[in-house]
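Participant: See entry03.csv below, with CSV, C-alpha atoms and all ligand atoms.
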chain,number,residue,atom,x,y,z
A,1,MET,CA,-33.8,11.9,-16.4
A,2,GLY,CA,-33.9,9.2,-13.8
A,3,ARG,CA,-32.3,9.8,-10.4
A,4,GLU,CA,-29.5,7.2,-10.9
A,5,GLN,CA,-28.7,8.7,-14.3
A,6,LYS,CA,-28.5,12.2,-12.8
A,7,ARG,CA,-26.2,10.9,-10.1
A,8,ARG,CA,-23.9,9.3,-12.6
A,9,GLN,CA,-23.8,12.5,-14.7
A,10,GLU,CA,-22.9,14.6,-11.6
A,11,ALA,CA,-20.1,12.1,-10.7
A,12,ARG,CA,-18.7,12.3,-14.2
A,13,LYS,CA,-18.8,16.1,-14.1
A,14,ALA,CA,-17.1,16.2,-10.7
A,15,LYS,CA,-14.4,13.8,-11.8
A,16,GLN,CA,-13.6,16.0,-14.9
A,17,LEU,CA,-13.4,19.1,-12.6
A,18,VAL,CA,-11.0,17.3,-10.3
A,19,GLN,CA,-8.8,16.1,-13.2
A,20,SER,CA,-8.7,19.6,-14.8
A,21,GLY,CA,-7.8,21.1,-11.4
A,22,LYS,CA,-10.9,23.4,-11.6
A,23,ALA,CA,-12.9,22.0,-8.8
A,24,GLU,CA,-14.0,24.8,-6.5
A,25,ARG,CA,-13.4,23.7,-2.9
A,26,ARG,CA,-14.6,25.0,0.4
A,27,PRO,CA,-13.3,24.2,3.9
A,28,LEU,CA,-15.2,21.7,6.0
A,29,LEU,CA,-17.1,22.8,9.1
A,30,PRO,CA,-15.9,21.0,12.2
A,31,GLU,CA,-19.1,19.0,12.5
A,32,GLU,CA,-18.9,18.0,8.8
A,33,ALA,CA,-15.3,16.7,9.4
A,34,ALA,CA,-16.5,14.8,12.5
A,35,ASP,CA,-19.3,13.3,10.4
A,36,LEU,CA,-16.9,12.2,7.7
A,37,PHE,CA,-14.5,10.7,10.3
A,38,SER,CA,-17.4,8.8,11.7
A,39,ALA,CA,-18.5,7.6,8.2
A,40,ILE,CA,-14.9,6.2,7.7
A,41,ASP,CA,-15.0,4.5,11.1
A,42,LYS,CA,-18.4,2.9,10.3
A,43,GLY,CA,-17.5,2.0,6.7
A,44,GLU,CA,-20.3,4.1,5.3
A,45,VAL,CA,-19.2,4.6,1.7
A,46,GLN,CA,-22.3,6.5,0.6
A,47,SER,CA,-20.9,9.7,2.3
A,48,PHE,CA,-17.8,9.5,0.1
A,49,GLY,CA,-19.3,10.1,-3.4
A,50,ILE,CA,-17.0,12.1,-5.7
A,51,ALA,CA,-19.7,14.8,-6.4
A,52,ARG,CA,-19.6,15.7,-2.7
A,53,LEU,CA,-15.8,15.3,-2.1
A,54,ALA,CA,-14.8,17.3,-5.2
A,55,GLY,CA,-16.4,20.4,-3.5
A,56,LEU,CA,-14.4,20.1,-0.3
A,57,ARG,CA,-10.8,21.0,0.7
A,58,LEU,CA,-9.6,17.5,1.4
A,59,ASP,CA,-6.1,18.1,2.8
A,60,ASP,CA,-7.1,20.3,5.7
A,61,LEU,CA,-6.4,19.2,9.2
A,62,HIS,CA,-9.2,18.5,11.7
A,63,GLN,CA,-9.5,17.4,15.3
A,64,ALA,CA,-8.4,13.8,15.1
A,65,PRO,CA,-10.8,11.1,16.5
A,66,TRP,CA,-9.7,9.9,19.9
A,67,CYS,CA,-8.2,6.6,18.8
A,68,PHE,CA,-5.4,8.4,17.0
A,69,ALA,CA,-5.3,11.6,18.9
A,70,TRP,CA,-2.0,11.3,20.8
A,71,GLY,CA,1.3,13.1,20.9
A,72,PRO,CA,1.5,16.0,18.5
A,73,ALA,CA,-0.9,14.5,16.1
A,74,SER,CA,-4.1,15.7,17.6
A,75,ARG,CA,-5.1,17.1,14.1
A,76,MET,CA,-5.2,15.0,10.9
A,77,THR,CA,-6.6,14.8,7.4
A,78,LEU,CA,-9.5,12.5,6.4
A,79,ALA,CA,-7.1,10.4,4.3
A,80,ASP,CA,-4.8,10.0,7.3
A,81,PHE,CA,-7.6,8.7,9.5
A,82,ALA,CA,-8.9,6.3,6.7
A,83,ALA,CA,-5.4,5.0,6.2
A,84,LEU,CA,-4.7,4.5,9.9
A,85,ARG,CA,-8.0,2.6,10.2
A,86,GLY,CA,-7.1,0.4,7.2
A,87,ARG,CA,-10.0,1.6,5.2
A,88,ASP,CA,-8.4,1.5,1.8
A,89,SER,CA,-11.5,2.1,-0.3
A,90,PHE,CA,-12.0,5.4,1.5
A,91,VAL,CA,-8.4,6.4,0.9
A,92,SER,CA,-9.0,5.5,-2.8
A,93,ALA,CA,-12.2,7.7,-3.0
A,94,LEU,CA,-10.3,10.6,-1.4
A,95,ILE,CA,-7.4,10.3,-3.9
A,96,THR,CA,-9.9,10.1,-6.8
A,97,ALA,CA,-11.4,13.4,-5.5
A,98,GLY,CA,-8.0,15.0,-5.5
A,99,ALA,CA,-6.6,14.4,-1.9
A,100,ASP,CA,-2.8,14.3,-1.6
A,101,PRO,CA,-1.9,11.9,1.2
A,102,SER,CA,1.8,12.8,1.1
A,103,GLY,CA,1.2,16.2,2.6
A,104,VAL,CA,4.1,17.6,0.7
A,105,GLY,CA,2.5,18.1,-2.7
A,106,VAL,CA,3.5,15.1,-4.8
A,107,GLN,CA,1.5,15.0,-8.1
A,108,VAL,CA,1.8,11.3,-8.8
A,109,TRP,CA,-1.4,9.7,-7.5
A,110,GLU,CA,-3.1,9.0,-10.8
A,111,LYS,CA,0.2,7.4,-12.2
A,112,LEU,CA,0.5,4.8,-9.4
A,113,PRO,CA,-1.4,1.5,-9.1
A,114,ARG,CA,-4.2,2.5,-6.7
A,115,ALA,CA,-3.5,-0.3,-4.3
A,116,TYR,CA,0.1,0.9,-3.9
A,117,ALA,CA,-1.1,4.5,-3.5
A,118,CYS,CA,-3.3,3.3,-0.6
A,119,TRP,CA,-0.3,1.5,1.0
A,120,LEU,CA,1.7,4.7,0.6
A,121,ALA,CA,-1.1,6.6,2.4
A,122,ARG,CA,-0.9,4.1,5.3
A,123,ALA,CA,2.9,4.7,5.5
A,124,ALA,CA,2.6,8.5,5.2
A,125,ALA,CA,-0.1,8.6,7.9
A,126,ARG,CA,1.9,6.5,10.3
A,127,LEU,CA,5.1,8.5,9.8
A,128,ARG,CA,3.2,11.8,10.2
A,129,LEU,CA,1.6,10.5,13.4
A,130,GLU,CA,5.0,9.8,14.9
A,131,ALA,CA,7.0,12.8,13.6
A,132,THR,CA,8.6,15.1,16.1
A,133,PRO,CA,9.9,18.6,15.3
A,134,ASP,CA,13.3,19.2,13.9
A,135,THR,CA,14.6,15.7,13.8
A,136,CYS,CA,15.5,15.0,10.2
A,137,ARG,CA,19.0,15.6,8.8
A,138,CYS,CA,17.5,18.5,6.8
A,139,GLY,CA,15.9,20.0,9.9
A,140,GLY,CA,12.3,19.0,9.1
A,141,PRO,CA,9.9,17.2,11.4
A,142,GLY,CA,11.0,13.5,11.1
A,143,ALA,CA,9.8,10.1,12.3
A,144,GLU,CA,11.8,6.9,12.8
A,145,PHE,CA,12.1,5.2,9.5
A,146,PRO,CA,12.0,1.4,9.5
A,147,PRO,CA,14.1,-0.5,9.2
A,148,CYS,CA,17.2,1.8,9.3
A,149,GLY,CA,15.9,3.7,12.3
A,150,HIS,CA,17.0,7.2,11.1
A,151,ARG,CA,14.7,10.0,11.7
A,152,CYS,CA,13.6,11.2,8.3
A,153,CYS,CA,11.1,13.8,7.2
A,154,ALA,CA,8.3,13.7,4.6
A,155,ARG,CA,10.1,16.1,2.2
A,156,CYS,CA,13.1,13.8,2.1
A,157,PHE,CA,11.4,10.4,2.0
A,158,TRP,CA,8.9,11.5,-0.8
A,159,SER,CA,11.7,12.9,-3.0
A,160,PRO,CA,11.9,9.7,-5.3
A,161,PHE,CA,8.3,10.5,-6.3
A,162,LYS,CA,8.9,14.0,-7.5
A,163,ASP,CA,9.7,13.3,-11.1
A,164,PHE,CA,8.0,9.9,-11.6
A,165,VAL,CA,6.2,9.5,-14.9
A,166,SER,CA,6.2,5.8,-15.6
A,167,GLY,CA,8.4,2.6,-15.3
A,168,ARG,CA,9.8,1.3,-12.1
A,169,LEU,CA,7.6,2.4,-9.2
A,170,PRO,CA,9.3,4.9,-6.8
A,171,GLU,CA,9.5,3.9,-3.1
A,172,LEU,CA,9.5,5.9,0.2
A,173,THR,CA,13.3,6.2,0.8
A,174,CYS,CA,15.3,7.5,3.8
A,175,PHE,CA,18.0,10.0,3.2
A,176,CYS,CA,20.5,7.1,3.7
A,177,GLY,CA,19.0,5.2,0.7
A,178,GLN,CA,17.0,2.7,2.8
A,179,ARG,CA,13.6,1.9,1.4
A,180,LEU,CA,10.7,1.6,3.8
A,181,GLU,CA,9.9,-1.9,4.9
A,182,ASP,CA,7.2,-2.3,7.6
A,183,SER,CA,4.9,-5.3,7.8
A,184,SER,CA,2.9,-3.7,10.6
A,185,LEU,CA,1.3,-1.5,7.9
A,186,GLU,CA,-0.4,-4.5,6.3
A,187,PHE,CA,-3.2,-5.3,8.7
A,188,PRO,CA,-6.6,-5.8,7.1
A,189,ALA,CA,-9.5,-3.4,8.1
A,190,GLN,CA,-11.3,-4.9,11.1
A,191,ARG,CA,-14.6,-4.0,12.8
A,192,ARG,CA,-16.7,-1.0,12.0
A,193,GLY,CA,-17.6,1.6,14.5
A,194,ILE,CA,-14.9,1.7,17.2
A,195,LEU,CA,-15.2,5.5,17.8
A,196,ARG,CA,-18.4,5.0,20.0
A,197,LEU,CA,-16.3,2.7,22.3
A,198,GLY,CA,-14.1,5.6,23.4
A,199,PRO,CA,-12.7,8.0,24.2
A,200,ALA,CA,-9.8,6.3,26.0
A,201,SER,CA,-6.5,7.7,26.8
A,202,GLY,CA,-4.6,4.5,27.4
A,203,GLU,CA,-1.5,3.2,25.6
A,204,SER,CA,-1.5,2.7,21.9
A,205,CYS,CA,-1.3,-0.6,20.0
A,206,ARG,CA,2.3,-1.5,19.0
A,207,THR,CA,1.2,-2.7,15.5
A,208,CYS,CA,-1.2,0.1,14.4
A,209,ARG,CA,-0.8,2.8,17.1
A,210,CYS,CA,-4.6,2.9,17.8
A,211,ARG,CA,-5.3,4.0,21.4
A,212,LEU,CA,-6.7,1.2,23.5
A,213,PRO,CA,-9.7,1.3,25.8
A,214,LEU,CA,-8.0,-1.6,27.7
A,215,SER,CA,-5.9,-2.1,30.8
A,216,ARG,CA,-2.2,-2.9,30.3
A,217,ASP,CA,-2.6,-6.5,31.3
A,218,SER,CA,-5.5,-7.2,29.0
A,219,ASP,CA,-4.7,-9.7,26.3
A,220,SER,CA,-7.6,-9.0,24.1
A,221,ALA,CA,-7.1,-8.0,20.5
A,222,CYS,CA,-6.6,-4.4,19.3
A,223,LEU,CA,-9.9,-2.9,18.1
A,224,ASN,CA,-8.4,-1.5,15.0
A,225,CYS,CA,-5.9,-4.2,13.7
A,226,ALA,CA,-7.0,-7.3,15.7
A,227,GLN,CA,-3.4,-8.0,16.7
A,228,PRO,CA,-2.5,-8.5,20.4
A,229,PRO,CA,-1.9,-4.8,21.2
A,230,PHE,CA,1.3,-5.2,23.4
A,231,ALA,CA,3.0,-7.8,21.3
A,232,ALA,CA,6.0,-6.5,19.3
A,233,PRO,CA,4.9,-6.3,15.7
A,234,LYS,CA,6.3,-9.0,13.3
A,235,PRO,CA,9.7,-7.9,12.1
A,236,ALA,CA,9.8,-6.8,8.5
A,237,LYS,CA,10.1,-9.8,6.1
A,238,PRO,CA,13.6,-10.3,4.7
A,239,ALA,CA,13.6,-8.3,1.5
A,240,GLU,CA,14.9,-11.0,-0.7
A,241,ARG,CA,14.1,-14.6,0.2
A,242,ILE,CA,16.5,-15.7,-2.4
A,243,ALA,CA,19.3,-13.5,-1.0
A,244,SER,CA,19.0,-15.2,2.4
A,245,ALA,CA,18.7,-18.6,0.8
A,246,SER,CA,21.9,-18.2,-1.3
A,247,SER,CA,23.8,-16.7,1.6
A,248,LEU,CA,22.8,-19.8,3.6
A,249,CYS,CA,24.2,-22.0,0.8
A,250,GLY,CA,27.4,-19.9,0.8
A,251,ASP,CA,28.0,-20.7,4.5
A,252,LEU,CA,27.8,-24.4,3.7
A,253,SER,CA,30.2,-24.6,0.8
A,254,GLY,CA,31.2,-22.7,-2.3
A,255,LEU,CA,29.6,-25.3,-4.4
A,256,LEU,CA,26.0,-24.8,-3.2
A,257,PRO,CA,25.3,-21.4,-4.6
A,258,SER,CA,25.8,-22.7,-8.2
A,259,CYS,CA,23.6,-25.7,-7.4
A,260,TRP,CA,21.0,-23.3,-6.1
A,261,ARG,CA,21.2,-21.2,-9.2
A,262,LEU,CA,20.9,-24.2,-11.5
A,263,TRP,CA,18.0,-25.5,-9.5
A,264,ARG,CA,16.3,-22.1,-9.6
A,265,ARG,CA,16.9,-21.8,-13.3
A,266,ALA,CA,15.3,-25.1,-13.9
A,267,ARG,CA,12.4,-24.3,-11.6
A,268,THR,CA,11.5,-21.0,-13.2
A,269,VAL,CA,11.6,-22.5,-16.7
A,270,ARG,CA,9.4,-25.4,-15.5
A,271,ARG,CA,6.9,-23.0,-14.1
A,272,TRP,CA,6.9,-20.9,-17.3
A,273,LYS,CA,6.2,-24.1,-19.4
A,274,SER,CA,3.2,-24.8,-17.3
A,275,LEU,CA,1.6,-21.6,-18.6
A,276,PRO,CA,-0.8,-21.9,-21.6
A,277,GLU,CA,0.3,-20.5,-25.0
A,278,GLU,CA,-2.9,-18.6,-25.3
A,279,LEU,CA,-5.7,-17.5,-23.1
A,280,PRO,CA,-8.8,-19.7,-23.2
A,281,GLN,CA,-11.5,-18.3,-25.4
A,282,ASP,CA,-14.2,-19.2,-22.8
A,283,LEU,CA,-14.7,-16.5,-20.2
A,284,GLN,CA,-15.3,-18.9,-17.4
A,285,GLU,CA,-12.2,-20.9,-18.2
A,286,ARG,CA,-10.2,-17.6,-18.2
A,287,GLN,CA,-11.6,-16.5,-14.9
A,288,LYS,CA,-10.7,-19.9,-13.4
A,289,LEU,CA,-7.1,-19.5,-14.6
A,290,GLN,CA,-6.9,-16.0,-13.2
A,291,ALA,CA,-8.4,-17.2,-9.8
A,292,ALA,CA,-5.9,-20.0,-9.6
A,293,TRP,CA,-3.0,-17.5,-10.2
A,294,ASP,CA,-4.3,-15.0,-7.7
A,295,LEU,CA,-4.5,-17.8,-5.1
A,296,LYS,CA,-0.9,-18.9,-5.8
A,297,ALA,CA,0.3,-15.3,-5.7
A,298,ASN,CA,-1.3,-14.5,-2.4
A,299,GLY,CA,-0.3,-17.6,-0.5
A,300,SER,CA,-3.2,-19.2,1.2
A,301,GLY,CA,-5.6,-16.8,-0.6
A,302,LYS,CA,-5.6,-14.4,2.3
A,303,ARG,CA,-6.8,-11.7,0.1
A,304,MET,CA,-10.5,-12.1,-0.5
A,305,ALA,CA,-11.5,-12.2,-4.1
A,306,GLY,CA,-12.4,-8.8,-5.3
A,307,ALA,CA,-11.7,-7.1,-2.0
A,308,PHE,CA,-9.7,-3.9,-2.5
A,309,LYS,CA,-6.6,-3.8,-0.3
A,310,ALA,CA,-3.5,-1.7,0.0
A,311,LEU,CA,-0.4,-3.4,-1.4
A,312,SER,CA,3.2,-2.9,-0.3
A,313,PRO,CA,6.0,-2.4,-2.9
A,314,ALA,CA,6.8,-6.1,-2.6
A,315,GLN,CA,3.2,-7.2,-3.0
A,316,VAL,CA,2.5,-4.8,-5.9
A,317,ALA,CA,5.5,-6.3,-7.7
A,318,THR,CA,3.7,-9.7,-7.8
A,319,GLU,CA,0.6,-8.3,-9.4
A,320,LYS,CA,-0.3,-8.9,-13.1
A,321,LEU,CA,2.6,-11.1,-14.1
A,322,GLY,CA,0.9,-12.4,-17.2
A,323,LEU,CA,-1.2,-15.5,-17.7
A,324,THR,CA,0.3,-16.8,-20.9
A,325,ARG,CA,3.9,-17.6,-21.9
A,326,SER,CA,4.2,-14.7,-24.3
A,327,ALA,CA,2.6,-12.2,-21.8
A,328,ARG,CA,5.0,-13.5,-19.1
A,329,SER,CA,8.0,-13.0,-21.4
A,330,GLU,CA,6.9,-9.5,-22.3
A,331,ARG,CA,6.5,-8.6,-18.6
A,332,LEU,CA,10.0,-9.8,-17.9
A,333,ARG,CA,11.4,-7.8,-20.8
A,334,LEU,CA,9.7,-4.6,-19.6
A,335,ALA,CA,10.8,-5.1,-15.9
A,336,ALA,CA,14.4,-5.8,-17.0
A,337,GLU,CA,14.4,-2.7,-19.3
A,338,VAL,CA,13.5,-0.3,-16.4
A,339,GLY,CA,15.8,-2.2,-13.9
A,340,ASP,CA,12.9,-3.1,-11.6
A,341,ALA,CA,14.6,-5.7,-9.4
A,342,ARG,CA,11.5,-6.4,-7.3
A,343,ARG,CA,9.5,-7.2,-10.4
A,344,VAL,CA,12.2,-9.3,-12.0
A,345,GLU,CA,12.5,-11.3,-8.8
A,346,ALA,CA,8.7,-11.8,-8.7
A,347,LEU,CA,8.6,-12.9,-12.3
A,348,LEU,CA,11.5,-15.4,-11.8
A,349,GLU,CA,9.7,-16.8,-8.8
A,350,ALA,CA,6.4,-17.1,-10.8
A,351,GLY,CA,8.2,-18.7,-13.8
A,352,CYS,CA,10.0,-17.3,-16.8
A,353,ASP,CA,11.6,-18.4,-20.1
A,354,LEU,CA,15.2,-17.4,-19.5
A,355,ASP,CA,16.2,-18.3,-23.0
A,356,ALA,CA,13.8,-15.8,-24.5
A,357,PRO,CA,15.8,-13.1,-26.3
A,358,ASN,CA,16.9,-10.2,-24.1
A,359,ALA,CA,15.8,-11.9,-21.0
A,360,PRO,CA,18.2,-11.4,-18.1
A,361,ARG,CA,20.0,-14.5,-16.7
A,362,ALA,CA,18.8,-15.8,-13.4
A,363,SER,CA,21.1,-15.0,-10.6
B,401,ZN,ZN,14.4,15.8,5.7
B,402,ZN,ZN,18.1,5.8,7.0
B,403,ZN,ZN,-3.7,-2.3,16.6
Could you write out this structure as structure tokens?

Facilitator:
Amino acid sequence: MGREQKRRQEARKAKQLVQSGKAERRPLLPEEAADLFSAIDKGEVQSFGIARLAGLRLDDLHQAPWCFAWGPASRMTLADFAALRGRDSFVSALITAGADPSGVGVQVWEKLPRAYACWLARAAARLRLEATPDTCRCGGPGAEFPPCGHRCCARCFWSPFKDFVSGRLPELTCFCGQRLEDSSLEFPAQRRGILRLGPASGESCRTCRCRLPLSRDSDSACLNCAQPPFAAPKPAKPAERIASASSLCGDLSGLLPSCWRLWRRARTVRRWKSLPEELPQDLQERQKLQAAWDLKANGSGKRMAGAFKALSPAQVATEKLGLTRSARSERLRLAAEVGDARRVEALLEAGCDLDAPNAPRAS
């Protein structure tokens, strides 16, 4: 058997053990943990093969690398560090090998789109980093929950995930009902190998919370997220662009909202009509169509083709909207059926046939 073949067979076996819950796991030695943190930092994926990870206890806490060792969070998991560094493919490898980035035992990881799971890991790591003892309403260690500002604990904000099977994706939710919105979680992974530039004990970046080996008045970019470190992070995007647009119309006159609705209705149908009836037979043509859609869905094409990246609830709702008229209508029917408002909104924005049977009316 060739070496490559053997490696693949081992990987398959490890994956089966993880999925059946029978993987035998041992704790990491401190130096092994340090090596794995370093591999995440440098972007060395070869250390993160499933055959190796499946034999390790992945949710144990280790001495955190200096850049996120502040406050009470001087110990963290591998997945937390990967998430805070924006290294989504490492978070994904850890989840595949059975890691639970929630820290409170939610068993949903294989049921969620992987890119969304990685965004959740980013959010969980950030909230854990900032948690202080006994601050949640329930008495657990809570962190400030954006945008409502309550202090909420992991047990409370993960509760919508407890019984998830399929359908509308659950979201991290404060005890007051507010869903987490935080655009500062969306930075792309930046340079490799920042750990060798420290340790430093200065302030932390206001966007990603990485400690900065810089003086206060320096205006250079953060090592981890590349944002100006002392600038206030961008405020969370208004949840519904449409809501703000129609309230603006409402201020002007009672007539405008209905104009807006009519205009929107015409626009969504026009966009739907621009879709092909069927997918092109030719593979290249089909890829071209997909690429054009991806570009449209991601604005200026900020996401590199093929690059794996964490997606927020709003972003994941704009994925896979269907490339043909019938596929689009089917997606709309499914989203409406489970009451997924984010998805319905994304589909209306992309273009839908509102006269199709069972389709909800545009609002
Ligand atoms: Zn709580
Ligand atoms: Zn709240
Ligand atoms: Zn930063």

Participant: Find, counting only C-alpha atoms, the residue in A:Ala83, A:Cys205, A:Cys67, A:Cys176 that gets nearest to Ala232 in chain A.

Facilitator: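 Nearest candidate to Ala232 in chain A out of A:Ala83, A:Cys205, A:Cys67, A:Cys176: A:Cys205.
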
Participant: Could you name the residues that touch Arg267 in chain A at 9 Å or less, counting only C-alpha atoms, but leaving out those on the same chain fewer than 6 positions away, as a VMD selection string?

Facilitator: chain A and resid 348 to 349 351

Participant: Quick one: residues within 8 Å of Trp272 in chain A, only C-alpha atoms, excluding same-chain residues fewer than 3 positions away - as number ranges by chain?

Facilitator: A: 268-269, 275, 325, 328, 350-353

Participant: Show me the residues around (-10.9, 23.4, -8.5) - criterion: an atom at most 10 Å away, all atoms listed in the file counted - as a list in words.

Facilitator: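 So the residues meeting the distance criterion are Ala14, Leu17, Val18, Gln19, Ser20, Gly21, Lys22, Ala23, Glu24, Arg25, Arg26, Ala54, Gly55, Leu56, Arg57 and Gly98 of chain A.
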
Participant: Could you pull out the residues sitting within 8 Å of ligand ZN 403 (chain B), using all atoms listed in the file, and write them as a list in words?

Facilitator: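 So the residues close to ligand ZN 403 (chain B) are Ser204, Cys205, Arg206, Thr207, Cys208, Arg209, Cys210, Ala221, Cys222, Leu223, Asn224, Cys225, Ala226, Gln227, Pro228 and Pro229 of chain A.
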
Participant: Using all atoms listed in the file, what are the residues with an atom within 9 Å of ligand ZN 402 (chain B), set out as JSON, numbers by chain?

Facilitator: {"A": [144, 145, 146, 147, 148, 149, 150, 151, 152, 173, 174, 175, 176, 177, 178, 179]}

Participant: Please measure the separation of CA of Ala131 in chain A and CA of Cys156 in chain A, giving the value in Å to one decimal.

Facilitator: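 Computed distance, CA of Ala131 in chain A to CA of Cys156 in chain A, equals 13.1 Å.
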
Participant: Once you count all atoms listed in the file, which residues end up within 8 Å of ligand ZN 401 (chain B), and could you hand them over as a CSV table (one decimal) with C-alpha atoms, keeping the file's coordinate frame?

Facilitator:
chain,number,residue,atom,x,y,z
A,136,CYS,CA,15.5,15.0,10.2
A,137,ARG,CA,19.0,15.6,8.8
A,138,CYS,CA,17.5,18.5,6.8
A,139,GLY,CA,15.9,20.0,9.9
A,140,GLY,CA,12.3,19.0,9.1
A,141,PRO,CA,9.9,17.2,11.4
A,142,GLY,CA,11.0,13.5,11.1
A,152,CYS,CA,13.6,11.2,8.3
A,153,CYS,CA,11.1,13.8,7.2
A,154,ALA,CA,8.3,13.7,4.6
A,155,ARG,CA,10.1,16.1,2.2
A,156,CYS,CA,13.1,13.8,2.1
A,157,PHE,CA,11.4,10.4,2.0
A,175,PHE,CA,18.0,10.0,3.2

Participant: For each of A:Leu28, A:Ala327, A:Leu185, A:Ala33, take the minimum atom-to-atom distance to Leu279 in chain A, counting only C-alpha atoms, then give the residue where this is smallest.

Facilitator: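 Closest to Leu279 in chain A of all the choices is A:Ala327.
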
Participant: Please work out which residues fall within 8 Å of (1.5, -21.0, -21.6), coordinates as given in the file, with all atoms listed in the file counting, and return them as a ChimeraX atom specification.

Facilitator: /A:272-278,323-326

Participant: At what distance in Å, to one decimal, does CA of Ala79 in chain A lie from CA of Lys309 in chain A?

Facilitator: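 Value for the CA of Lys309 in chain A-CA of Ala79 in chain A distance: 14.9 Å.
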
Participant: Could you tell me which of A:Val338, A:Arg3, A:Gln63, A:Asp163 comes closest to Glu31 in chain A if we count all atoms listed in the file?

Facilitator: A:Gln63

Participant: In terms of the shortest atom-to-atom distance over only C-alpha atoms, which of A:Asp41, A:Pro313, A:Ala69, A:Ala11 is closest to Leu53 in chain A?

Facilitator: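 When distances to Leu53 in chain A are compared using only C-alpha atoms, the smallest one comes from A:Ala11.
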
Participant: Show me that you can extract range 2-15 of chain A, keeping N, CA and C atoms, and write it as a compact mmCIF listing (two decimals), in the first residue's frame.

Facilitator:
# COMPACT_ATOMS: atom_id res chain seq x y z
N GLY A 2 0.59 2.19 -0.88
CA GLY A 2 1.39 3.42 -0.94
C GLY A 2 1.18 4.26 0.32
N ARG A 3 2.09 5.18 0.55
CA ARG A 3 2.02 5.99 1.77
C ARG A 3 0.76 6.87 1.79
N GLU A 4 0.46 7.44 0.62
CA GLU A 4 -0.70 8.34 0.52
C GLU A 4 -2.00 7.57 0.79
N GLN A 5 -2.03 6.35 0.24
CA GLN A 5 -3.22 5.50 0.40
C GLN A 5 -3.41 5.15 1.87
N LYS A 6 -2.29 4.84 2.55
CA LYS A 6 -2.32 4.48 3.95
C LYS A 6 -2.82 5.66 4.79
N ARG A 7 -2.32 6.83 4.42
CA ARG A 7 -2.69 8.05 5.16
C ARG A 7 -4.21 8.29 5.05
N ARG A 8 -4.71 8.09 3.83
CA ARG A 8 -6.15 8.32 3.62
C ARG A 8 -6.99 7.31 4.39
N GLN A 9 -6.48 6.07 4.42
CA GLN A 9 -7.22 5.03 5.15
C GLN A 9 -7.26 5.37 6.65
N GLU A 10 -6.13 5.85 7.18
CA GLU A 10 -6.08 6.22 8.59
C GLU A 10 -7.05 7.37 8.89
N ALA A 11 -7.10 8.33 7.97
CA ALA A 11 -7.98 9.48 8.15
C ALA A 11 -9.44 9.02 8.18
N ARG A 12 -9.76 8.09 7.28
CA ARG A 12 -11.14 7.60 7.21
C ARG A 12 -11.52 6.90 8.51
N LYS A 13 -10.57 6.07 8.99
CA LYS A 13 -10.81 5.33 10.23
C LYS A 13 -11.00 6.29 11.41
N ALA A 14 -10.15 7.32 11.46
CA ALA A 14 -10.23 8.29 12.56
C ALA A 14 -11.57 9.00 12.52
N LYS A 15 -12.03 9.36 11.32
CA LYS A 15 -13.30 10.08 11.19
C LYS A 15 -14.45 9.21 11.68
